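Enquirer: Take a look at structure-v7.txt, compact mmCIF, C-alpha atoms and all ligand atoms:
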```txt
# COMPACT_ATOMS: atom_id res chain seq x y z
CA MET A 268 -26.21 1.05 -20.56
CA ASN A 269 -26.34 -2.42 -22.20
CA MET A 270 -22.80 -3.87 -22.03
CA ASP A 271 -23.22 -5.53 -25.45
CA VAL A 272 -23.66 -2.14 -27.10
CA LYS A 273 -20.30 -0.40 -27.10
CA VAL A 274 -20.31 3.21 -28.15
CA ASP A 275 -17.51 4.58 -30.32
CA ILE A 276 -14.77 5.78 -28.09
CA ASN A 277 -11.69 7.85 -28.61
CA PRO A 278 -8.91 6.44 -26.36
CA GLY A 279 -7.24 9.85 -25.94
CA ALA A 280 -10.45 11.62 -24.93
CA CYS A 281 -11.52 8.78 -22.61
CA THR A 282 -8.08 8.74 -20.95
CA ALA A 283 -8.17 12.48 -20.33
CA ALA A 284 -11.75 12.32 -18.97
CA ILE A 285 -10.95 9.37 -16.65
CA LYS A 286 -7.82 11.00 -15.25
CA SER A 287 -9.56 14.28 -14.63
CA LEU A 288 -12.49 12.51 -12.95
CA ALA A 289 -10.21 10.45 -10.67
CA LEU A 290 -8.30 13.56 -9.59
CA SER A 291 -11.50 15.49 -8.93
CA MET A 292 -12.81 12.64 -6.74
CA GLY A 293 -9.85 12.60 -4.36
CA GLY A 294 -7.03 10.86 -6.20
CA ASP A 295 -3.64 12.59 -6.05
CA VAL A 296 -2.13 10.70 -8.97
CA VAL A 297 -3.45 8.48 -11.79
CA GLY A 298 -1.47 6.12 -14.02
CA ILE A 299 -2.68 3.70 -16.69
CA ALA A 300 -0.93 0.54 -17.89
CA PRO A 301 -1.73 -2.07 -20.57
CA VAL A 302 -2.43 -5.54 -19.14
CA GLU A 303 0.50 -7.05 -21.10
CA ARG A 304 2.97 -5.48 -18.64
CA TRP A 305 1.89 -7.98 -15.95
CA ARG A 306 3.04 -11.03 -17.94
CA GLU A 307 6.68 -10.50 -17.00
CA TYR A 308 5.92 -10.46 -13.27
CA VAL A 309 2.96 -12.64 -12.31
CA PRO A 310 2.00 -16.27 -13.04
CA ASP A 311 -1.07 -17.42 -14.93
CA GLY A 312 -4.15 -17.12 -12.75
CA TYR A 313 -3.07 -13.71 -11.44
CA LEU A 314 -3.04 -11.72 -14.67
CA PRO A 315 -5.54 -8.84 -14.96
CA GLU A 316 -7.38 -10.75 -17.70
CA ASP A 317 -7.71 -13.78 -15.37
CA ILE A 318 -9.68 -11.53 -13.02
CA LEU A 319 -11.66 -9.65 -15.66
CA PRO A 320 -11.79 -11.64 -18.94
CA GLY A 321 -10.96 -9.37 -21.87
CA ALA A 322 -9.31 -6.72 -19.70
CA LYS A 323 -7.16 -4.32 -21.71
CA SER A 324 -6.20 -1.60 -19.24
CA VAL A 325 -5.38 -1.11 -15.57
CA ILE A 326 -6.12 2.34 -14.16
CA VAL A 327 -4.29 3.01 -10.89
CA VAL A 328 -5.26 5.81 -8.51
CA GLY A 329 -3.05 6.88 -5.59
CA SER A 330 -4.06 9.08 -2.69
CA ARG A 331 -2.27 10.38 0.37
CA GLY A 332 -4.51 8.77 2.98
CA PRO A 333 -3.58 10.45 6.25
CA SER A 334 -3.85 14.23 6.00
CA ALA A 335 -0.81 16.42 6.69
CA GLY A 336 -2.39 17.12 10.09
CA ALA A 337 -2.76 13.40 10.89
CA TRP A 338 0.97 12.97 10.23
CA GLN A 339 1.61 15.53 12.99
CA SER A 340 -0.09 13.37 15.62
CA PRO A 341 2.48 11.95 18.05
CA ASN A 342 0.38 8.77 18.33
CA HIS A 343 1.11 6.79 15.16
CA ARG A 344 -1.97 4.60 15.62
CA ILE A 345 -4.25 7.63 15.47
CA MET A 346 -2.47 8.65 12.29
CA GLU A 347 -2.63 5.18 10.74
CA VAL A 348 -6.17 4.18 11.72
CA ASN A 349 -8.05 7.49 11.85
CA GLY A 350 -6.03 9.35 9.27
CA TYR A 351 -7.32 7.30 6.35
CA ASP A 352 -10.18 8.32 4.21
CA PHE A 353 -9.48 5.84 1.40
CA ALA A 354 -9.91 8.55 -1.20
CA ASN A 355 -8.26 6.22 -3.71
CA ASP A 356 -11.10 3.68 -3.32
CA ARG A 357 -13.74 6.39 -3.60
CA ALA A 358 -12.18 7.81 -6.77
CA LEU A 359 -11.79 4.33 -8.22
CA HIS A 360 -15.44 3.43 -7.70
CA VAL A 361 -16.52 6.60 -9.50
CA VAL A 362 -14.14 5.80 -12.39
CA CYS A 363 -15.52 2.24 -12.71
CA ASP A 364 -19.11 3.52 -12.82
CA HIS A 365 -18.15 6.22 -15.32
CA ILE A 366 -16.64 3.65 -17.71
CA GLU A 367 -19.61 1.29 -17.55
CA MET A 368 -22.31 3.97 -17.71
CA ASN A 369 -20.78 6.29 -20.31
CA TYR A 370 -18.64 4.05 -22.52
CA GLY A 371 -20.37 0.65 -22.15
CA TYR A 372 -17.18 -1.26 -21.30
CA TYR A 373 -16.69 -3.53 -18.30
CA ALA A 374 -14.87 -2.12 -15.28
CA MET A 375 -14.22 -3.45 -11.78
CA GLN A 376 -12.06 -2.69 -8.79
CA ALA A 377 -8.96 -4.89 -8.76
CA PRO A 378 -8.85 -7.24 -5.73
CA GLY A 379 -6.07 -5.72 -3.63
CA LEU A 380 -7.07 -7.75 -0.55
CA PRO A 381 -7.28 -11.55 -0.24
CA VAL A 382 -10.56 -13.10 -1.42
CA ALA A 383 -9.42 -16.55 -0.19
CA GLY A 384 -6.23 -17.70 1.51
CA HIS A 385 -3.65 -15.17 2.59
CA GLN A 386 -2.50 -13.46 -0.58
CA PRO A 387 -4.40 -10.81 -2.55
CA LYS A 388 -5.18 -11.69 -6.15
CA MET A 389 -3.42 -8.59 -7.33
CA SER A 390 -0.61 -6.47 -5.91
CA MET A 391 -1.40 -2.77 -5.79
CA MET A 392 2.33 -2.12 -5.30
CA LEU A 393 3.12 -3.79 -8.63
CA ALA A 394 0.20 -1.96 -10.26
CA ALA A 395 1.60 1.39 -9.08
CA VAL A 396 5.06 0.56 -10.45
CA LEU A 397 3.77 -0.72 -13.81
CA SER A 398 1.56 2.34 -14.31
CA GLY A 399 4.46 4.73 -13.74
CA LEU A 400 3.41 6.10 -10.35
CA GLY A 401 6.37 5.07 -8.20
CA THR A 402 9.22 2.69 -7.42
CA ARG A 403 10.08 0.30 -4.59
CA SER A 404 11.88 1.72 -1.55
CA LEU A 405 14.25 0.50 1.14
CA ALA A 406 11.52 1.17 3.73
CA ALA A 407 9.50 -2.06 3.81
CA ASN A 408 9.36 -2.06 -0.01
CA ILE A 409 6.78 0.74 0.18
CA ILE A 410 6.28 2.24 -3.28
CA LEU A 411 7.35 5.88 -3.25
CA ASN A 412 5.84 8.42 -5.60
CA PRO A 413 8.37 11.11 -6.63
CA LYS A 414 6.10 13.96 -5.52
CA TYR A 415 4.17 12.57 -2.55
CA GLY A 416 6.26 9.68 -1.24
CA LEU A 417 3.94 7.19 0.49
CA LEU A 418 0.57 6.81 -1.26
CA TYR A 419 -2.31 4.33 -1.03
CA TYR A 420 -3.27 2.67 -4.28
CA SER A 421 -6.40 1.17 -5.82
CA ALA A 422 -6.78 -0.10 -9.36
CA CYS A 423 -9.57 -0.53 -11.88
CA LEU A 424 -9.51 -3.32 -14.46
CA THR A 425 -11.36 -2.52 -17.64
CA THR A 426 -11.98 -3.88 -21.12
CA LEU A 427 -11.72 -0.29 -22.38
CA PRO A 428 -8.54 0.40 -24.43
CA LEU A 429 -6.84 3.60 -23.30
CA GLU A 430 -3.62 5.57 -23.71
CA TYR A 431 -0.86 4.33 -21.45
CA ASP A 432 1.75 5.91 -19.19
CA ASP A 433 5.42 4.92 -19.23
CA ARG A 434 7.03 3.44 -16.17
CA LEU A 435 9.25 5.83 -14.21
CA GLU A 436 12.76 5.95 -15.65
CA GLN A 437 14.41 6.97 -12.38
CA ASP A 438 14.15 5.21 -9.04
CA VAL A 439 12.61 7.41 -6.35
CA CYS A 440 14.51 5.67 -3.54
CA PRO A 441 17.13 6.24 -2.32
CA ALA A 442 16.75 10.03 -2.39
CA PRO A 443 20.05 11.89 -3.01
CA MET A 444 20.28 12.99 0.64
CA CYS A 445 19.78 9.36 1.76
CA VAL A 446 22.69 8.25 -0.42
CA LYS A 447 24.90 10.85 1.26
CA ILE A 448 23.74 9.81 4.74
CA PHE A 449 24.31 6.13 3.87
CA ARG A 450 27.84 6.81 2.59
CA ALA A 451 28.65 8.66 5.81
CA GLY A 452 27.12 6.30 8.35
CA GLY A 453 26.10 3.02 6.67
CA LYS A 454 22.36 3.54 7.10
CA THR A 455 19.66 5.56 5.37
CA PRO A 456 17.16 7.45 7.60
CA CYS A 457 14.58 4.64 7.36
CA MET A 458 17.17 1.97 8.20
CA ALA A 459 18.45 4.05 11.10
CA VAL A 460 14.99 4.41 12.66
CA CYS A 461 14.21 0.66 12.35
CA PRO A 462 17.53 -1.24 12.08
CA SER A 463 17.31 -5.02 11.67
CA ASP A 464 20.51 -5.46 13.69
CA ASP A 465 18.95 -3.72 16.70
CA GLY A 466 15.42 -5.08 17.04
CA GLY A 467 14.04 -3.42 13.89
CA CYS A 468 13.02 -4.60 10.44
CA LEU A 469 15.11 -2.86 7.78
CA ASP A 470 18.49 -3.31 6.16
CA GLY A 471 19.92 -2.61 2.73
CA ASP A 472 22.82 -1.58 0.57
CA ILE A 473 23.36 1.10 -2.06
CA ASP A 474 25.74 0.54 -4.98
CA GLU A 475 28.24 2.94 -6.55
CA ASP A 476 25.57 4.33 -8.88
CA GLY A 477 23.36 5.26 -5.92
CA LYS A 478 20.86 2.45 -6.57
CA ILE A 479 19.45 -0.15 -4.20
CA SER A 480 21.65 -3.26 -4.54
CA PHE A 481 20.16 -5.17 -1.61
CA SER A 482 17.18 -4.66 0.64
CA TYR A 483 15.82 -6.55 3.60
CA PHE A 484 12.43 -6.20 5.28
CA ASP A 485 11.37 -8.43 8.18
CA ARG A 486 7.61 -8.31 7.63
CA GLU A 487 6.78 -10.59 10.55
CA ARG A 488 8.75 -8.44 12.94
CA CYS A 489 7.15 -5.30 11.53
CA VAL A 490 3.68 -6.76 12.20
CA HIS A 491 4.68 -7.71 15.72
CA ARG A 492 6.27 -4.36 16.52
CA ALA A 493 3.82 -2.05 14.83
CA MET A 494 0.46 -3.66 15.56
CA ASN A 495 -0.96 -3.98 19.03
CA PHE A 496 -4.61 -4.38 18.22
CA GLY A 497 -6.95 -6.82 16.51
CA ILE A 498 -5.59 -10.27 15.68
CA ASN A 499 -2.06 -9.35 16.70
CA SER A 500 -2.89 -8.27 20.24
CA PHE A 501 -4.99 -11.43 20.63
CA GLN A 502 -2.03 -13.56 19.52
CA LYS A 503 0.36 -11.75 21.86
CA ALA A 504 -1.99 -12.14 24.83
CA MET A 505 -2.63 -15.82 24.01
CA GLY A 506 1.11 -16.49 23.98
CA GLU A 507 1.50 -14.93 27.40
CA ILE A 508 -1.58 -16.68 28.84
CA ALA A 509 -0.43 -20.09 27.52
CA ALA A 510 3.02 -19.59 29.06
CA GLU A 511 1.66 -18.55 32.49
CA GLU A 512 1.91 -21.47 34.94
CA ASP A 513 0.15 -19.86 37.92
CA LYS A 514 -3.55 -20.69 37.51
CA ASP A 515 -4.80 -17.67 39.48
CA ARG A 516 -2.68 -15.31 37.47
CA ARG A 517 -3.78 -16.99 34.24
CA ASP A 518 -7.44 -16.45 35.23
CA VAL A 519 -6.76 -12.78 35.87
CA MET A 520 -5.07 -12.46 32.47
CA ILE A 521 -7.96 -14.20 30.70
CA ASN A 522 -10.50 -11.88 32.33
CA SER A 523 -8.36 -8.78 32.03
CA ASP A 524 -9.51 -5.66 30.27
CA PHE A 525 -6.69 -6.05 27.72
CA PHE A 526 -7.69 -9.58 26.75
CA ASN A 527 -11.38 -8.65 26.64
CA ARG A 528 -10.62 -5.80 24.30
CA SER A 529 -8.34 -7.99 22.18
CA CYS A 530 -11.15 -10.57 21.80
CA SER A 531 -13.71 -7.95 20.85
CA ALA A 532 -11.23 -6.19 18.52
CA ILE A 533 -11.01 -9.32 16.36
CA SER A 534 -14.60 -8.94 15.27
CA HIS A 535 -14.08 -5.27 14.38
CA TYR A 536 -10.67 -5.79 12.87
CA LYS A 537 -9.55 -3.68 9.95
CA GLU A 538 -6.98 -5.43 7.77
CA SER A 539 -3.72 -3.52 7.88
CA VAL A 540 -0.25 -4.75 7.07
CA ALA A 541 1.67 -3.61 10.12
CA GLN A 542 3.32 -0.25 9.73
CA CYS A 543 3.92 2.20 12.51
CA PHE A 544 5.22 4.41 9.69
CA GLU A 545 8.26 5.63 11.62
CA CYS A 546 10.30 4.68 8.51
CA MET A 547 8.04 6.93 6.41
CA ARG A 548 8.03 9.75 8.94
CA VAL A 549 11.80 10.14 8.43
CA CYS A 550 11.70 9.67 4.63
CA PRO A 551 12.50 12.91 2.77
CA VAL A 552 10.43 11.97 -0.32
CA GLY A 553 7.09 13.76 -0.20
CA ARG A 554 7.82 15.52 3.09
CA SER A 555 7.37 18.97 1.55
CA GLU A 556 3.78 18.01 0.62
CA ARG A 557 3.00 17.48 4.32
CA LYS A 558 4.38 20.84 5.47
CA LEU A 559 1.55 23.19 6.41
CA LYS A 560 1.10 25.94 8.93
S1 LIG A 601 6.46 0.35 9.77
FE1 LIG A 601 7.55 0.63 11.71
S2 LIG A 601 8.17 -1.43 12.34
FE2 LIG A 601 7.57 -1.56 10.16
S3 LIG A 601 9.49 -1.26 9.00
FE3 LIG A 601 8.59 0.78 9.23
S4 LIG A 601 9.49 1.63 11.11
FE4 LIG A 601 9.87 -0.59 11.10
S1 LIG A 602 14.34 7.37 3.88
FE1 LIG A 602 12.93 7.16 2.09
S2 LIG A 602 14.16 7.72 0.27
FE2 LIG A 602 15.57 7.43 1.97
S3 LIG A 602 16.25 5.31 1.72
FE3 LIG A 602 14.51 5.25 3.14
S4 LIG A 602 12.67 4.97 1.88
FE4 LIG A 602 14.36 5.53 0.51
```
Here is a file; write its structure as structure tokens.
Ligand code: SF4
Ligand code: SF4

Expert:
Amino acid sequence: MNMDVKVDINPGACTAAIKSLALSMGGDVVGIAPVERWREYVPDGYLPEDILPGAKSVIVVGSRGPSAGAWQSPNHRIMEVNGYDFANDRALHVVCDHIEMNYGYYAMQAPGLPVAGHQPKMSMMLAAVLSGLGTRSLAANIILNPKYGLLYYSACLTTLPLEYDDRLEQDVCPAPMCVKIFRAGGKTPCMAVCPSDDGGCLDGDIDEDGKISFSYFDRERCVHRAMNFGINSFQKAMGEIAAEEDKDRRDVMINSDFFNRSCSAISHYKESVAQCFECMRVCPVGRSERKLK
């Protein structure tokens, strides 16, 4: 369809069609926000309309990623790397094509990964919060959806005006049982499994109303602890090789199977922000959705 020729659209009907399409293509949840909501949180240059001029709406699709079976694997790397199917990306691409082909409005996938430098142009975590799909948690700031807990998010920017979802009124984290556990022992389940005062990455506090009053996440330590492949294993091995004074031993390390694999892993590296997911394995939110026979 010619983009200059916009057909008459009914925002309510388009919204319903887009949501139903996204769910049928593998999304578990869909939320839609107007672009104005970003102005309170991000600087100029990072607004949705800076990425797609004229953008009116942000459609966010969340999917569970690892299947319930993958969560059962005792090897968290198998769960994290092989458990993905990126259903959220697949659903998002179909939604973008649907908008352009059937309604004649521009649509594109929001850049959730860096296109230059180290920071992505757009935060999918913020997009999920602003479209009413979840709230920030004490576990590495992961956005928890009230039904599913951890989800993976993709977003579509579009010039198409739609009907919008409200943000969640209630915080998902901490869950009521986590508040009780915190009151009794000073740590929630996620903090207990990865405590910052004992080699881990998480700390936090809960106020009298049961809300997060302070949270701490050591991202660098999380990367170091949780990732032992790709760039991170190369960096670890390089540190050890550089510190080794015995030349013969250094040669062995350089030619070792581990270093060889680390070098070759860099070229096949899949970007992933740490996460062994032990903090999510113990999180009660969404656990019932992963219980199967
Ligand atoms: S992903 Fe693993 S290392 Fe990172 S915060 Fe969670 S439990 Fe800790
Ligand atoms: S275990 Fe889950 S719900 Fe409980 S405090 Fe941690 S992230 Fe929040």

Enquirer: Using all atoms listed in the file, find each residue with an atom at most 10 Å away from ligand LIG 601 (chain A) and format the answer as a ChimeraX atom specification.

Expert: /A:343,405-409,457-463,466-470,483-494,540-549

Enquirer: Next, write the just-selected residues to a file, as an mmCIF file, in the coordinates of the input, keeping C-alpha atoms as the atom set.

Expert:
```cif
data_model
loop_
_atom_site.group_PDB
_atom_site.id
_atom_site.type_symbol
_atom_site.label_atom_id
_atom_site.label_comp_id
_atom_site.auth_asym_id
_atom_site.auth_seq_id
_atom_site.Cartn_x
_atom_site.Cartn_y
_atom_site.Cartn_z
ATOM 1 C CA HIS A 343 1.110 6.790 15.160
ATOM 2 C CA LEU A 405 14.250 0.500 1.140
ATOM 3 C CA ALA A 406 11.520 1.170 3.730
ATOM 4 C CA ALA A 407 9.500 -2.060 3.810
ATOM 5 C CA ASN A 408 9.360 -2.060 -0.010
ATOM 6 C CA ILE A 409 6.780 0.740 0.180
ATOM 7 C CA CYS A 457 14.580 4.640 7.360
ATOM 8 C CA MET A 458 17.170 1.970 8.200
ATOM 9 C CA ALA A 459 18.450 4.050 11.100
ATOM 10 C CA VAL A 460 14.990 4.410 12.660
ATOM 11 C CA CYS A 461 14.210 0.660 12.350
ATOM 12 C CA PRO A 462 17.530 -1.240 12.080
ATOM 13 C CA SER A 463 17.310 -5.020 11.670
ATOM 14 C CA GLY A 466 15.420 -5.080 17.040
ATOM 15 C CA GLY A 467 14.040 -3.420 13.890
ATOM 16 C CA CYS A 468 13.020 -4.600 10.440
ATOM 17 C CA LEU A 469 15.110 -2.860 7.780
ATOM 18 C CA ASP A 470 18.490 -3.310 6.160
ATOM 19 C CA TYR A 483 15.820 -6.550 3.600
ATOM 20 C CA PHE A 484 12.430 -6.200 5.280
ATOM 21 C CA ASP A 485 11.370 -8.430 8.180
ATOM 22 C CA ARG A 486 7.610 -8.310 7.630
ATOM 23 C CA GLU A 487 6.780 -10.590 10.550
ATOM 24 C CA ARG A 488 8.750 -8.440 12.940
ATOM 25 C CA CYS A 489 7.150 -5.300 11.530
ATOM 26 C CA VAL A 490 3.680 -6.760 12.200
ATOM 27 C CA HIS A 491 4.680 -7.710 15.720
ATOM 28 C CA ARG A 492 6.270 -4.360 16.520
ATOM 29 C CA ALA A 493 3.820 -2.050 14.830
ATOM 30 C CA MET A 494 0.460 -3.660 15.560
ATOM 31 C CA VAL A 540 -0.250 -4.750 7.070
ATOM 32 C CA ALA A 541 1.670 -3.610 10.120
ATOM 33 C CA GLN A 542 3.320 -0.250 9.730
ATOM 34 C CA CYS A 543 3.920 2.200 12.510
ATOM 35 C CA PHE A 544 5.220 4.410 9.690
ATOM 36 C CA GLU A 545 8.260 5.630 11.620
ATOM 37 C CA CYS A 546 10.300 4.680 8.510
ATOM 38 C CA MET A 547 8.040 6.930 6.410
ATOM 39 C CA ARG A 548 8.030 9.750 8.940
ATOM 40 C CA VAL A 549 11.800 10.140 8.430
#
```

Enquirer: For chain A against ligand LIG 602 (chain A), with a cut-off of 6 Å and counting only C-alpha atoms and all ligand atoms, what is the closest atom pair and its distance in Å to one decimal for every residue that makes the cut, ordered by chain and number, as JSON lines?

Expert:
```
{"residue": "A:Ser404", "atom": "CA", "partner": "A:LIG602", "partner_atom": "S4", "distance": 4.8}
{"residue": "A:Leu405", "atom": "CA", "partner": "A:LIG602", "partner_atom": "S4", "distance": 4.8}
{"residue": "A:Ala406", "atom": "CA", "partner": "A:LIG602", "partner_atom": "S4", "distance": 4.4}
{"residue": "A:Cys440", "atom": "CA", "partner": "A:LIG602", "partner_atom": "FE4", "distance": 4.1}
{"residue": "A:Pro441", "atom": "CA", "partner": "A:LIG602", "partner_atom": "FE4", "distance": 4.0}
{"residue": "A:Ala442", "atom": "CA", "partner": "A:LIG602", "partner_atom": "S2", "distance": 4.4}
{"residue": "A:Cys445", "atom": "CA", "partner": "A:LIG602", "partner_atom": "FE2", "distance": 4.6}
{"residue": "A:Thr455", "atom": "CA", "partner": "A:LIG602", "partner_atom": "S3", "distance": 5.0}
{"residue": "A:Pro456", "atom": "CA", "partner": "A:LIG602", "partner_atom": "S1", "distance": 4.7}
{"residue": "A:Cys457", "atom": "CA", "partner": "A:LIG602", "partner_atom": "FE3", "distance": 4.3}
{"residue": "A:Val549", "atom": "CA", "partner": "A:LIG602", "partner_atom": "S1", "distance": 5.9}
{"residue": "A:Cys550", "atom": "CA", "partner": "A:LIG602", "partner_atom": "S1", "distance": 3.6}
{"residue": "A:Pro551", "atom": "CA", "partner": "A:LIG602", "partner_atom": "FE1", "distance": 5.8}
{"residue": "A:Val552", "atom": "CA", "partner": "A:LIG602", "partner_atom": "S2", "distance": 5.7}
```

Enquirer: Please indicate the distance in Å from atom CA of Leu435 of chain A to atom CA of Ser334 of chain A, rounded to one decimal place.

Expert: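 Result for atom CA of Leu435 of chain A versus atom CA of Ser334 of chain A: 25.5 Å, one decimal.
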
Enquirer: Compile the contact shell of Pro387 of chain A as JSON, numbers by chain: residues with an atom at most 10 Å away, counting only C-alpha atoms, same-chain residues fewer than 6 positions apart removed.

Expert: {"A": [313, 377, 378, 379, 380, 381]}

Enquirer: Name all residues at most 12 Å from Gly321 of chain A (count only C-alpha atoms; drop same-chain ones fewer than 2 positions away) and give them as a compact mmCIF listing (two decimals) with C-alpha atoms, in the frame of the given file.

Expert:
```txt
# COMPACT_ATOMS: atom_id res chain seq x y z
CA PRO A 301 -1.73 -2.07 -20.57
CA VAL A 302 -2.43 -5.54 -19.14
CA GLU A 303 0.50 -7.05 -21.10
CA LEU A 314 -3.04 -11.72 -14.67
CA PRO A 315 -5.54 -8.84 -14.96
CA GLU A 316 -7.38 -10.75 -17.70
CA ASP A 317 -7.71 -13.78 -15.37
CA ILE A 318 -9.68 -11.53 -13.02
CA LEU A 319 -11.66 -9.65 -15.66
CA LYS A 323 -7.16 -4.32 -21.71
CA SER A 324 -6.20 -1.60 -19.24
CA VAL A 325 -5.38 -1.11 -15.57
CA TYR A 372 -17.18 -1.26 -21.30
CA TYR A 373 -16.69 -3.53 -18.30
CA ALA A 374 -14.87 -2.12 -15.28
CA LEU A 424 -9.51 -3.32 -14.46
CA THR A 425 -11.36 -2.52 -17.64
CA THR A 426 -11.98 -3.88 -21.12
CA LEU A 427 -11.72 -0.29 -22.38
CA PRO A 428 -8.54 0.40 -24.43
```

Enquirer: So how many Å separate atom CA of Asp432 of chain A and atom CA of Met392 of chain A, to one decimal?

Expert: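 It comes out at 16.1 Å.
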
Enquirer: Provide the atom CA of Met520 of chain A to atom CA of Ile508 of chain A distance in Å, to one decimal place.

Expert: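 So the answer is 6.6 Å.
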
Enquirer: The centre and edge lengths of an axis-aligned box containing all atoms of segment 506-517 of chain A present in the file, extended by 4 Å on each side, are to be given in Å to one decimal, as AutoDock Vina command-line options.

Expert:
```
--center_x -0.9 --center_y -18.2 --center_z 31.7 --size_x 15.8 --size_y 14.5 --size_z 23.5
```

Enquirer: Give as a PyMOL selection string the set of residues within 10 Å of the point (-2.9, 6.6, -5.3), where distances use the file's coordinates and all atoms listed in the file.

Expert: chain A and resi 289-290+293-298+327-332+353-356+358-359+391+395+400-401+412+415+417-422

Enquirer: Taking (21.4, -0.6, -2.4) in the file's own coordinates, collect the residues within 10 Å, counting all atoms listed in the file, and hand them back as JSON, numbers by chain.

Expert: {"A": [404, 405, 440, 441, 446, 449, 470, 471, 472, 473, 474, 475, 476, 477, 478, 479, 480, 481, 482]}

Enquirer: Considering all atoms listed in the file, can you say which of A:Pro443, A:Ala451, A:Ile498, A:Val309 comes closest to Ile533 of chain A?

Expert: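 Smallest distance to Ile533 of chain A is found for A:Ile498.
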
Enquirer: I want to know what sits within 7 Å of Arg434 of chain A, based on only C-alpha atoms, with residues of the same chain fewer than 5 positions away left out; could you give that as a compact mmCIF listing (two decimals) with C-alpha atoms, in the coordinates of the input?

Expert:
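Dumped to around_25.txt:
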```txt
# COMPACT_ATOMS: atom_id res chain seq x y z
CA VAL A 396 5.06 0.56 -10.45
CA LEU A 397 3.77 -0.72 -13.81
CA SER A 398 1.56 2.34 -14.31
CA GLY A 399 4.46 4.73 -13.74
```

Enquirer: Just want the 7 Å neighbourhood of Phe526 of chain A, counted on only C-alpha atoms, with same-chain residues fewer than 4 positions away dropped. Output as a ChimeraX atom specification.

Expert: /A:501,504,520-522,530

Enquirer: From the options A:Cys423, A:Ala532, A:Leu559, A:Val439, which residue's atoms come nearest to Ala335 of chain A, counting only C-alpha atoms?

Expert: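 That would be A:Leu559, the residue with the smallest distance to Ala335 of chain A.
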